[in-house]
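**Student:** Below is the file coords_32.cif, with mmCIF, C-alpha atoms.
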```cif
data_target
loop_
_atom_site.label_atom_id
_atom_site.label_comp_id
_atom_site.auth_asym_id
_atom_site.auth_seq_id
_atom_site.Cartn_x
_atom_site.Cartn_y
_atom_site.Cartn_z
CA MET A 140 33.72 17.54 28.17
CA ASN A 141 34.16 16.03 24.74
CA ALA A 142 31.89 13.14 25.69
CA LEU A 143 29.19 15.58 26.88
CA ALA A 144 29.44 17.60 23.66
CA ALA A 145 29.26 14.40 21.61
CA SER A 146 26.18 13.15 23.46
CA ILE A 147 24.44 16.55 23.09
CA GLU A 148 25.33 16.51 19.40
CA SER A 149 24.01 12.98 19.01
CA LEU A 150 20.78 13.85 20.83
CA GLY A 151 20.36 16.95 18.65
CA ALA A 152 20.93 14.89 15.51
CA LYS A 153 18.33 12.36 16.68
CA LEU A 154 15.80 15.11 17.42
CA VAL A 155 16.37 16.69 14.02
CA GLY A 156 16.02 13.22 12.45
CA TRP A 157 12.70 12.57 14.22
CA PHE A 158 11.43 16.01 13.27
CA THR A 159 12.40 15.45 9.63
CA VAL A 160 10.68 12.05 9.57
CA GLY A 161 7.55 13.48 11.25
CA TYR A 162 7.47 16.42 8.87
CA GLY A 163 7.91 14.06 5.89
CA ILE A 164 5.00 11.89 7.03
CA PHE A 165 2.63 14.82 7.61
CA ALA A 166 3.66 16.56 4.37
CA PHE A 167 2.97 13.32 2.49
CA LEU A 168 -0.40 12.98 4.21
CA ALA A 169 -1.31 16.57 3.33
CA ARG A 170 -0.45 15.92 -0.34
CA ALA A 171 -2.51 12.74 -0.31
CA LEU A 172 -5.51 14.52 1.24
CA LEU A 173 -5.32 17.30 -1.35
CA LEU A 174 -5.27 14.74 -4.15
CA LEU A 175 -8.31 12.99 -2.66
CA ILE A 176 -10.51 15.93 -3.58
CA GLU A 177 -9.16 16.21 -7.13
CA PRO A 178 -11.59 14.64 -9.63
CA ALA A 179 -8.66 13.53 -11.86
CA THR A 180 -7.51 11.17 -9.10
CA TRP A 181 -10.65 9.09 -9.36
CA ASN A 182 -10.12 7.17 -12.54
CA ARG A 183 -10.72 3.45 -13.06
CA ALA A 184 -7.06 2.47 -12.50
CA THR A 185 -6.89 4.13 -9.06
CA PHE A 186 -10.27 2.68 -8.10
CA ASP A 187 -9.14 -0.81 -9.17
CA VAL A 188 -6.00 -0.55 -7.00
CA VAL A 189 -8.17 0.53 -4.02
CA ILE A 190 -10.36 -2.57 -4.54
CA LYS A 191 -7.26 -4.79 -4.81
CA GLN A 192 -5.81 -3.27 -1.64
CA VAL A 193 -9.01 -3.85 0.33
CA TYR A 194 -9.13 -7.41 -1.02
CA PHE A 195 -5.52 -8.22 -0.10
CA THR A 196 -5.63 -6.42 3.26
CA ALA A 197 -9.06 -7.40 4.55
CA VAL A 198 -10.96 -9.95 2.47
CA GLN A 199 -8.16 -12.42 1.82
CA ILE A 200 -7.40 -12.81 5.53
CA LEU A 201 -10.96 -12.56 6.80
CA HIS A 202 -11.30 -16.20 7.97
CA VAL A 203 -7.90 -16.16 9.73
CA PHE A 204 -8.64 -12.80 11.31
CA LEU A 205 -12.11 -13.80 12.53
CA GLY A 206 -10.67 -17.02 13.98
CA TYR A 207 -8.02 -15.03 15.80
CA ALA A 208 -10.62 -12.48 17.02
CA LEU A 209 -12.85 -15.34 18.18
CA VAL A 210 -10.11 -16.99 20.26
CA ILE A 211 -8.80 -13.77 21.81
CA SER A 212 -12.34 -12.48 22.53
CA TRP A 213 -13.38 -15.77 24.11
CA LEU A 214 -10.31 -15.77 26.38
CA ILE A 215 -10.67 -12.15 27.49
CA ILE A 216 -14.44 -12.47 28.02
CA SER A 217 -13.91 -15.63 30.10
CA ILE A 218 -11.31 -13.85 32.25
CA ILE A 219 -13.52 -10.78 32.73
CA VAL A 220 -16.69 -12.74 33.49
CA THR A 221 -14.96 -15.12 35.94
CA THR A 222 -13.14 -12.30 37.74
CA ALA A 223 -16.30 -10.17 37.92
CA ARG A 224 -18.25 -13.11 39.40
CA ASP A 225 -15.46 -13.85 41.91
CA PHE A 226 -15.59 -10.27 43.17
CA GLY A 227 -19.40 -10.10 43.13
CA LEU A 228 -19.40 -7.60 40.26
CA ALA A 229 -21.24 -9.77 37.72
CA GLU A 230 -23.61 -6.93 36.75
CA PHE A 231 -20.62 -4.94 35.44
CA ALA A 232 -19.27 -7.82 33.32
CA SER A 233 -21.11 -6.74 30.13
CA GLU A 234 -19.92 -3.14 30.31
CA MET A 235 -16.37 -4.15 31.14
CA THR A 236 -16.29 -6.66 28.28
CA ILE A 237 -17.51 -4.09 25.77
CA ARG A 238 -15.18 -1.35 26.99
CA VAL A 239 -12.07 -3.52 27.18
CA LEU A 240 -12.60 -5.61 24.07
CA VAL A 241 -14.67 -3.67 21.55
CA LEU A 242 -13.40 -0.18 22.28
CA GLU A 243 -9.74 -0.84 23.08
CA LEU A 244 -8.23 -4.26 22.60
CA LEU A 245 -9.75 -5.40 19.29
CA PRO A 246 -9.03 -2.20 17.30
CA PHE A 247 -5.46 -2.24 18.69
CA LEU A 248 -4.94 -5.91 17.79
CA THR A 249 -6.51 -5.36 14.37
CA ALA A 250 -4.05 -2.56 13.68
CA LEU A 251 -1.13 -4.77 14.79
CA PHE A 252 -2.42 -7.63 12.63
CA ILE A 253 -2.69 -5.42 9.52
CA ALA A 254 0.67 -3.78 10.27
CA LEU A 255 2.44 -7.11 10.47
CA ARG A 256 0.76 -8.53 7.40
CA SER A 257 0.20 -5.62 5.03
CA GLY A 258 2.30 -2.78 6.48
CA SER A 259 5.52 -4.77 6.17
CA ALA A 260 4.58 -5.85 2.62
CA ILE A 261 3.81 -2.24 1.63
CA ASN A 262 7.11 -1.03 3.13
CA THR A 263 9.08 -3.70 1.24
CA GLU A 264 7.27 -3.12 -2.04
CA VAL A 265 7.68 0.67 -1.95
CA ALA A 266 11.36 0.32 -0.95
CA LEU A 267 11.96 -2.07 -3.87
CA MET A 268 10.10 0.24 -6.25
CA GLN A 269 12.29 3.10 -5.03
CA VAL A 270 15.54 1.12 -5.36
CA ASN A 271 14.63 -0.27 -8.81
CA ASN A 272 13.62 3.18 -10.14
CA GLU A 273 10.09 1.96 -10.88
CA LEU A 274 8.58 5.12 -9.41
CA ASP A 275 10.73 7.35 -11.60
CA ALA A 276 9.75 5.23 -14.60
CA LEU A 277 6.05 5.66 -13.78
CA ALA A 278 6.44 9.41 -13.38
CA HIS A 279 8.39 9.52 -16.67
CA CYS A 280 5.40 7.88 -18.40
CA LYS A 281 3.05 10.47 -16.86
CA VAL A 282 1.49 7.97 -14.46
CA PRO A 283 1.53 9.77 -11.09
CA PRO A 284 2.85 7.33 -8.44
CA MET A 285 0.89 9.14 -5.72
CA GLN A 286 -2.48 8.45 -7.40
CA PHE A 287 -1.63 5.02 -8.72
CA GLU A 288 0.54 3.50 -5.99
CA PHE A 289 0.24 5.34 -2.69
CA LEU A 290 -3.22 6.87 -2.30
CA PRO A 291 -5.03 3.54 -2.95
CA ARG A 292 -2.88 1.89 -0.26
CA LEU A 293 -3.80 4.59 2.27
CA ILE A 294 -7.51 4.35 1.45
CA GLY A 295 -7.38 0.54 1.46
CA GLY A 296 -5.64 0.52 4.85
CA VAL A 297 -8.19 2.84 6.46
CA ILE A 298 -11.18 0.92 5.03
CA SER A 299 -9.65 -2.43 6.04
CA VAL A 300 -8.85 -1.51 9.65
CA ILE A 301 -12.28 0.09 10.21
CA THR A 302 -14.08 -2.90 8.67
CA LEU A 303 -12.06 -5.61 10.40
CA ALA A 304 -12.20 -3.87 13.79
CA GLY A 305 -15.98 -3.46 13.30
CA LEU A 306 -16.44 -7.14 12.44
CA ALA A 307 -14.26 -8.25 15.36
CA GLY A 308 -16.26 -5.93 17.64
CA LEU A 309 -19.58 -7.42 16.48
CA LEU A 310 -18.20 -10.92 17.03
CA ALA A 311 -17.03 -9.96 20.52
CA LEU A 312 -20.46 -8.49 21.35
CA ALA A 313 -22.15 -11.73 20.31
CA MET A 314 -19.64 -13.81 22.28
CA GLY A 315 -20.01 -11.54 25.28
CA TYR A 316 -23.76 -12.10 25.24
CA LEU A 317 -23.34 -15.88 25.02
CA ALA A 318 -20.75 -15.92 27.82
CA ILE A 319 -22.77 -13.72 30.18
CA HIS A 320 -26.41 -14.60 29.42
CA GLY A 321 -26.17 -17.93 27.58
CA ALA A 322 -28.09 -18.89 24.44
CA GLY A 323 -31.52 -17.69 25.70
CA THR A 324 -33.12 -14.29 25.05
CA ALA A 325 -33.66 -13.44 28.72
CA GLY A 326 -30.72 -11.06 28.98
CA PHE A 327 -31.20 -9.47 25.55
CA ASP A 328 -32.90 -6.29 26.80
CA SER A 329 -30.37 -5.49 29.49
CA TYR A 330 -27.44 -6.35 27.21
CA THR A 331 -28.64 -4.15 24.35
CA ARG A 332 -29.39 -1.36 26.87
CA THR A 333 -25.79 -1.57 28.13
CA ILE A 334 -24.52 -1.41 24.53
CA ALA A 335 -26.72 1.60 23.79
CA ASN A 336 -25.51 3.37 26.96
CA ILE A 337 -21.86 2.88 26.06
CA PHE A 338 -22.05 3.65 22.34
CA ASP A 339 -23.09 7.29 22.41
CA PHE A 340 -22.12 9.60 19.54
CA THR A 341 -18.78 10.66 21.07
CA ILE A 342 -17.66 7.08 21.67
CA VAL A 343 -18.64 5.91 18.18
CA ALA A 344 -16.98 8.94 16.56
CA GLY A 345 -13.86 8.41 18.71
CA LEU A 346 -13.74 4.71 17.82
CA LEU A 347 -14.07 5.47 14.10
CA ALA A 348 -11.41 8.18 14.31
CA LYS A 349 -9.07 5.85 16.20
CA CYS A 350 -9.53 3.04 13.66
CA ALA A 351 -9.01 5.49 10.77
CA LEU A 352 -5.78 6.73 12.41
CA PHE A 353 -4.65 3.13 12.92
CA GLY A 354 -5.40 2.45 9.25
CA LEU A 355 -3.38 5.50 8.22
CA ALA A 356 -0.49 4.57 10.52
CA VAL A 357 -0.16 1.05 9.13
CA THR A 358 -0.02 2.28 5.53
CA LEU A 359 1.25 5.86 5.53
CA ILE A 360 4.34 5.16 7.66
CA PRO A 361 5.47 2.11 5.62
CA VAL A 362 4.99 4.09 2.38
CA THR A 363 7.07 7.05 3.59
CA ALA A 364 9.71 4.73 5.10
CA GLY A 365 9.92 2.92 1.75
CA LEU A 366 10.33 6.22 -0.10
CA GLU A 367 13.22 7.21 2.18
CA THR A 368 15.22 4.13 1.12
CA PRO A 369 18.54 5.00 -0.51
CA LYS A 370 18.92 3.41 -3.95
CA LYS A 371 20.85 0.42 -2.66
CA LEU A 372 19.30 -3.04 -2.49
CA PHE A 373 20.91 -3.93 0.84
CA MET A 374 19.09 -0.96 2.44
CA VAL A 375 15.63 -2.52 1.87
CA PRO A 376 15.66 -4.63 5.09
CA VAL A 377 16.85 -1.56 7.05
CA SER A 378 14.00 0.48 5.60
CA VAL A 379 11.43 -2.20 6.58
CA LEU A 380 12.90 -2.42 10.07
CA ARG A 381 12.71 1.37 10.55
CA GLY A 382 9.23 1.57 9.06
CA MET A 383 7.83 -1.19 11.25
CA MET A 384 9.33 0.30 14.41
CA ARG A 385 7.72 3.63 13.55
CA VAL A 386 4.40 1.89 12.89
CA PHE A 387 4.57 0.19 16.29
CA PHE A 388 5.28 3.48 18.09
CA ALA A 389 2.53 5.25 16.14
CA ILE A 390 -0.07 2.57 16.99
CA PHE A 391 1.02 2.67 20.61
CA ALA A 392 0.84 6.50 20.70
CA ILE A 393 -2.65 6.54 19.12
CA GLU A 394 -3.90 4.01 21.69
CA VAL A 395 -2.36 5.89 24.63
CA VAL A 396 -3.79 9.24 23.47
CA SER A 397 -7.21 7.66 22.91
CA LEU A 398 -7.19 6.12 26.41
CA ALA A 399 -6.04 9.38 27.94
CA LEU A 400 -8.80 11.34 26.18
CA LYS A 401 -11.44 8.86 27.32
CA TYR A 402 -10.47 8.13 30.89
CA ILE A 403 -8.26 10.94 32.23
CA MET B 1084 13.76 4.23 -23.15
CA SER B 1085 16.47 3.17 -20.80
CA HIS B 1086 17.37 0.20 -18.66
CA GLU B 1087 17.15 2.70 -15.78
CA LEU B 1088 13.41 3.13 -16.40
CA PRO B 1089 12.09 -0.37 -15.67
CA LEU B 1090 8.61 -1.80 -15.97
CA ARG B 1091 6.37 -2.02 -12.93
CA ALA B 1092 7.36 -5.49 -11.73
CA ASN B 1093 4.01 -6.69 -10.40
CA LEU B 1094 2.01 -5.66 -13.47
CA SER B 1095 1.64 -7.61 -16.70
CA ALA B 1096 3.08 -6.25 -19.94
CA LEU B 1097 -0.44 -5.24 -21.02
CA ASP B 1098 -1.15 -3.40 -17.75
CA ASN B 1099 2.20 -1.59 -17.90
CA ILE B 1100 1.26 -0.20 -21.31
CA ALA B 1101 -2.47 0.31 -20.68
CA LEU B 1102 -1.85 2.46 -17.59
CA ILE B 1103 -0.70 5.31 -19.79
CA PRO B 1104 -3.91 5.85 -21.81
CA ILE B 1105 -5.88 5.56 -18.56
CA TYR B 1106 -3.92 8.34 -16.86
CA ARG B 1107 -2.95 10.47 -19.85
CA GLY B 1108 -5.92 10.08 -22.16
CA HIS B 1109 -8.56 9.36 -19.49
CA PHE B 1110 -9.69 6.31 -21.45
CA ASN B 1111 -11.58 3.52 -19.72
CA VAL B 1112 -9.82 0.24 -18.90
CA ALA B 1113 -11.29 -1.71 -21.84
CA GLU B 1114 -10.27 0.90 -24.39
CA SER B 1115 -6.80 1.28 -22.83
CA ASN B 1116 -6.29 -2.50 -22.90
CA ARG B 1117 -7.41 -2.57 -26.53
CA GLN B 1118 -4.91 0.14 -27.48
CA ALA B 1119 -2.12 -1.60 -25.58
CA LEU B 1120 -2.86 -4.98 -27.16
CA HIS B 1121 -3.07 -3.43 -30.61
CA LEU B 1122 0.39 -1.95 -30.13
CA LEU B 1123 1.83 -5.28 -28.99
CA GLU B 1124 0.22 -7.00 -32.00
CA GLN B 1125 1.70 -4.37 -34.27
CA LEU B 1126 5.14 -5.07 -32.83
CA GLY B 1127 4.56 -8.81 -33.33
CA HIS B 1128 4.57 -9.70 -29.62
CA ALA B 1129 0.89 -9.99 -28.61
CA ALA B 1130 1.70 -13.23 -26.76
CA ILE B 1131 3.66 -11.38 -24.06
CA ALA B 1132 0.59 -9.40 -22.92
CA PRO B 1133 -0.04 -11.47 -19.74
CA LEU B 1134 3.65 -11.80 -18.74
CA ARG B 1135 5.13 -9.92 -15.81
CA ASP B 1136 8.62 -8.44 -15.88
CA PRO B 1137 10.45 -11.36 -14.19
CA ASP B 1138 8.85 -13.84 -16.63
CA MET B 1139 9.99 -11.98 -19.75
CA SER B 1140 13.16 -12.39 -21.78
CA ALA B 1141 15.27 -9.28 -22.34
CA ALA B 1142 13.83 -8.86 -25.85
CA GLN B 1143 10.24 -9.23 -24.61
CA ARG B 1144 10.92 -6.70 -21.84
CA PHE B 1145 12.34 -4.31 -24.43
CA VAL B 1146 9.26 -4.66 -26.62
CA THR B 1147 7.02 -3.87 -23.64
CA LYS B 1148 9.09 -0.81 -22.81
CA LEU B 1149 8.97 0.22 -26.46
CA ALA B 1150 5.18 -0.14 -26.54
CA ARG B 1151 4.96 1.86 -23.32
CA ALA B 1152 7.03 4.60 -24.94
CA LEU B 1153 5.14 4.52 -28.25
CA ILE B 1154 1.73 4.79 -26.60
CA LEU B 1155 2.83 8.17 -25.21
CA HIS B 1156 2.76 9.44 -28.85
CA ARG B 1157 5.78 11.67 -28.41
CA PRO B 1158 7.40 13.00 -31.59
CA ARG B 1159 10.85 11.80 -30.53
CA LEU B 1160 11.79 8.43 -29.09
CA VAL B 1161 15.17 8.24 -27.40
CA ILE B 1162 16.65 4.79 -26.83
CA ASP B 1163 19.48 4.96 -24.34
CA ARG B 1164 22.16 2.24 -24.58
CA PRO B 1165 19.98 -0.47 -26.18
CA GLY B 1166 22.74 -3.02 -25.61
CA ALA B 1167 22.10 -2.82 -21.86
CA MET B 1168 18.48 -3.87 -22.44
CA LEU B 1169 18.87 -6.20 -25.42
CA TYR B 1170 21.68 -8.46 -24.35
CA ASP B 1171 20.09 -11.65 -25.72
CA VAL B 1172 19.61 -10.66 -29.40
CA PRO B 1173 21.69 -8.98 -32.11
CA TYR B 1174 20.14 -5.67 -31.21
CA PRO B 1175 20.71 -3.35 -34.21
CA VAL B 1176 18.86 -5.83 -36.43
CA PHE B 1177 16.16 -6.33 -33.81
CA LEU B 1178 15.69 -2.57 -33.48
CA ARG B 1179 15.43 -2.17 -37.24
CA GLN B 1180 12.77 -4.89 -37.42
CA LEU B 1181 10.77 -3.22 -34.67
CA ALA B 1182 11.11 0.20 -36.28
CA ASP B 1183 9.73 -1.23 -39.54
CA LYS B 1184 6.74 -2.68 -37.73
CA ALA B 1185 5.91 0.25 -35.49
CA ASP B 1186 3.37 2.66 -36.92
CA MET B 1187 5.02 5.89 -35.82
CA THR B 1188 5.51 9.22 -37.44
CA GLY B 1189 8.21 10.55 -35.08
CA THR B 1190 11.93 9.89 -35.06
CA TRP B 1191 13.89 7.30 -33.12
CA GLU B 1192 17.24 8.36 -31.71
CA ILE B 1193 19.64 5.76 -30.41
CA PHE B 1194 22.36 6.70 -27.96
CA ASP B 1195 25.00 4.00 -27.78
CA PHE B 1196 28.69 3.68 -27.01
CA SER B 1197 30.94 4.71 -29.89
CA TRP B 1198 32.65 1.29 -29.91
CA ASN B 1199 29.30 -0.30 -30.83
CA GLN B 1200 29.04 1.74 -34.07
CA PRO B 1201 30.25 -1.11 -36.33
CA LEU B 1202 27.32 -3.23 -35.15
CA TYR B 1203 24.87 -0.82 -36.81
CA ARG B 1204 26.63 -1.06 -40.19
CA GLU B 1205 26.20 -4.84 -40.44
#
```
Would you encode the structure as structure tokens?
**Tutor:**
Amino acid sequence: MNALAASIESLGAKLVGWFTVGYGIFAFLARALLLLIEPATWNRATFDVVIKQVYFTAVQILHVFLGYALVISWLIISIIVTTARDFGLAEFASEMTIRVLVLELLPFLTALFIALRSGSAINTEVALMQVNNELDALAHCKVPPMQFEFLPRLIGGVISVITLAGLAGLLALAMGYLAIHGAGTAGFDSYTRTIANIFDFTIVAGLLAKCALFGLAVTLIPVTAGLETPKKLFMVPVSVLRGMMRVFFAIFAIEVVSLALKYI
Amino acid sequence: MSHELPLRANLSALDNIALIPIYRGHFNVAESNRQALHLLEQLGHAAIAPLRDPDMSAAQRFVTKLARALILHRPRLVIDRPGAMLYDVPYPVFLRQLADKADMTGTWEIFDFSWNQPLYRE
């Protein structure tokens, strides 16, 4: 009986914990969105941090990311094209390539890439700022941490994921054409027609929304996880661990919901 | 000023100070940097402008914090336990030298442990 009560208690505590974390994340997001429309937010310092964030998150890793997108796209396209030919479904290869790679796999992998590289760094930096009292010091000097530290990271994350996923998608489209039709222009009309048929307004809007949500997940969750860190240095790795697990589940949930909305 | 209110570790001394006019006075970056550098020059430490927190000595860090506090133009400057921040210099003398250099109309109040009182009489 005691064991049952203890497990119910533990489950309840976990549920309350998840609710509190979820509430914290959405409350933070609401505050950030409200600040976005305040003219005072948009001073040169905030703008400079946004530029720096986009540079560190997207521009600095562009060559590595494009190399990685090239390899993964080439592999997946080869698998799809070979399998489609084996089953006599070669005419569907273009559509399958675009749907699997450009709409699903590349945005998902981009989000994972940014989460591992920048999300973990953001989580660690915010946790250290919290532990070292740097945020309190900024607030004490009338420099709002939300405008100066957090909002630029959120904006930078969203811009970076949308841009990198877009670039990887364009690369995959070009590779898909080369793999299916070769270097000639003979298949250009049918290939562009397939692209136009797939990318209607709903799909493009859904893709943009999904990438924006991925961008928010890989920055907003690490920021809030960092802010939850108790003021003890040894808690920083725990904070990063929790934050990155939450990021993974959020990315996974966004992908599952997006697939469900599209195909179910 | 307190050792519990540190500098932003990944910003230079100049950026730590210049942030305040940008956010409080809505000055542009060039003007804010000019004000920050002028303050550091006034305190006799212009050379520390490009240094980040981990690259500074305790005295240099203190000067940056002091400049960050002075640029707020508050009428009262409270220095909490200066010994905790200035452990590498004879700090009452150092504070006096800085106070003579700083162009400030307000008052400086120092909160220190009672057993450090004799240090201020030297």
**Student:** Take CA of Ala197 in chain A and CA of Ser299 in chain A and report the distance between them in Å, one decimal.
**Tutor:**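 Spanning CA of Ala197 in chain A to CA of Ser299 in chain A is a straight-line distance of 5.2 Å.
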**Student:** Just how far from CA of Asp328 in chain A is CA of Leu209 in chain A, in Å to one decimal?
**Tutor:**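 Distance between the two atoms: 23.6 Å.
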**Student:** With all atoms listed in the file as the atoms that count, which of B:Ala1142, B:Leu1155, B:Ile1193, B:Leu1094 lies nearest to chain A?
**Tutor:**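 Counting all atoms listed in the file, the residue closest to chain A is B:Leu1155.
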**Student:** Starting from the shown file, work through the PyMOL selection byres ((chain A) within 10 of (chain B)) and note down what comes out as a ChimeraX atom specification.
**Tutor:** /A:179-180,182-185,187,264,267-268,271-283,286-287
**Student:** Nearest residue to Pro1175 in chain B out of B:Val1161, B:Tyr1203, B:Val1146, B:Glu1192, using all atoms listed in the file?
**Tutor:** B:Tyr1203
**Student:** Can you list, as a PyMOL selection string, every protein, DNA or RNA residue that comes within 10 Å of range 240-250 of chain A when you count all atoms listed in the file, leaving out same-chain residues fewer than 6 positions away?
**Tutor:** chain A and resi 204+207-208+211-212+215-216+234+256+258+296-297+299-312+315+337-338+342-343+345-347+349-357+386-387+390-391+393-394+397-398
**Student:** Find the distance between CA of Gly382 in chain A and CA of Val203 in chain A and write it in Å to one decimal.
**Tutor:**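 Interatomic distance here is 24.7 Å.
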**Student:** For the structure shown, which residues end up in the PyMOL selection byres ((chain B and resi 1125-1141) around 12)? Put them as a compact mmCIF listing (two decimals) with C-alpha atoms, in the coordinates of the input, please?
**Tutor:**
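File written: expr_39.txt
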```txt
# COMPACT_ATOMS: atom_id res chain seq x y z
CA GLU A 273 10.09 1.96 -10.88
CA HIS B 1086 17.37 0.20 -18.66
CA PRO B 1089 12.09 -0.37 -15.67
CA LEU B 1090 8.61 -1.80 -15.97
CA ARG B 1091 6.37 -2.02 -12.93
CA ALA B 1092 7.36 -5.49 -11.73
CA ASN B 1093 4.01 -6.69 -10.40
CA LEU B 1094 2.01 -5.66 -13.47
CA SER B 1095 1.64 -7.61 -16.70
CA ALA B 1096 3.08 -6.25 -19.94
CA LEU B 1097 -0.44 -5.24 -21.02
CA ASP B 1098 -1.15 -3.40 -17.75
CA ASN B 1099 2.20 -1.59 -17.90
CA ILE B 1100 1.26 -0.20 -21.31
CA ALA B 1101 -2.47 0.31 -20.68
CA ASN B 1116 -6.29 -2.50 -22.90
CA ARG B 1117 -7.41 -2.57 -26.53
CA GLN B 1118 -4.91 0.14 -27.48
CA ALA B 1119 -2.12 -1.60 -25.58
CA LEU B 1120 -2.86 -4.98 -27.16
CA HIS B 1121 -3.07 -3.43 -30.61
CA LEU B 1122 0.39 -1.95 -30.13
CA LEU B 1123 1.83 -5.28 -28.99
CA GLU B 1124 0.22 -7.00 -32.00
CA ALA B 1142 13.83 -8.86 -25.85
CA GLN B 1143 10.24 -9.23 -24.61
CA ARG B 1144 10.92 -6.70 -21.84
CA PHE B 1145 12.34 -4.31 -24.43
CA VAL B 1146 9.26 -4.66 -26.62
CA THR B 1147 7.02 -3.87 -23.64
CA LYS B 1148 9.09 -0.81 -22.81
CA LEU B 1149 8.97 0.22 -26.46
CA ALA B 1150 5.18 -0.14 -26.54
CA ARG B 1151 4.96 1.86 -23.32
CA LEU B 1153 5.14 4.52 -28.25
CA ILE B 1154 1.73 4.79 -26.60
CA PRO B 1165 19.98 -0.47 -26.18
CA GLY B 1166 22.74 -3.02 -25.61
CA ALA B 1167 22.10 -2.82 -21.86
CA MET B 1168 18.48 -3.87 -22.44
CA LEU B 1169 18.87 -6.20 -25.42
CA TYR B 1170 21.68 -8.46 -24.35
CA ASP B 1171 20.09 -11.65 -25.72
CA VAL B 1172 19.61 -10.66 -29.40
CA PRO B 1173 21.69 -8.98 -32.11
CA TYR B 1174 20.14 -5.67 -31.21
CA PHE B 1177 16.16 -6.33 -33.81
CA LEU B 1178 15.69 -2.57 -33.48
CA ARG B 1179 15.43 -2.17 -37.24
CA GLN B 1180 12.77 -4.89 -37.42
CA LEU B 1181 10.77 -3.22 -34.67
CA ALA B 1182 11.11 0.20 -36.28
CA ASP B 1183 9.73 -1.23 -39.54
CA LYS B 1184 6.74 -2.68 -37.73
CA ALA B 1185 5.91 0.25 -35.49
CA ASP B 1186 3.37 2.66 -36.92
CA MET B 1187 5.02 5.89 -35.82
```
**Student:** So, counting only C-alpha atoms, which residue among A:Val395, A:Ile403, A:Ala260, A:Ile319 is closest to Ser378 in chain A?
**Tutor:**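 Closest residue, counting only C-alpha atoms: A:Ala260.
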**Student:** Anything within 12 Å of (-2.9, 4.2, -3.4): list those residues as a PyMOL selection string, counting all atoms listed in the file and sticking to the file's coordinates.
**Tutor:** chain A and resi 168+171-172+174-175+180-181+184-193+261+265+283-297+355+358-359+362
**Student:** Which residues are near Gln269 in chain A? Cut-off 10 Å, all atoms listed in the file, ignore same chain within fewer than 5 positions. Put them as a PyMOL selection string.
**Tutor:** chain A and resi 263-264+274-275+365-372+375
**Student:** Just checking: using only C-alpha atoms, which residue out of A:Tyr402, A:Phe373, A:Phe167, A:Tyr194 ends up closest to Ile298 in chain A?
**Tutor:**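 Closest to Ile298 in chain A, using only C-alpha atoms: A:Tyr194.
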**Student:** Can you list, as JSON, numbers by chain, every protein, DNA or RNA residue that comes within 8 Å of Ile219 in chain A when you count all atoms listed in the file, leaving out same-chain residues fewer than 4 positions away?
**Tutor:** {"A": [215, 223, 232, 235, 236]}
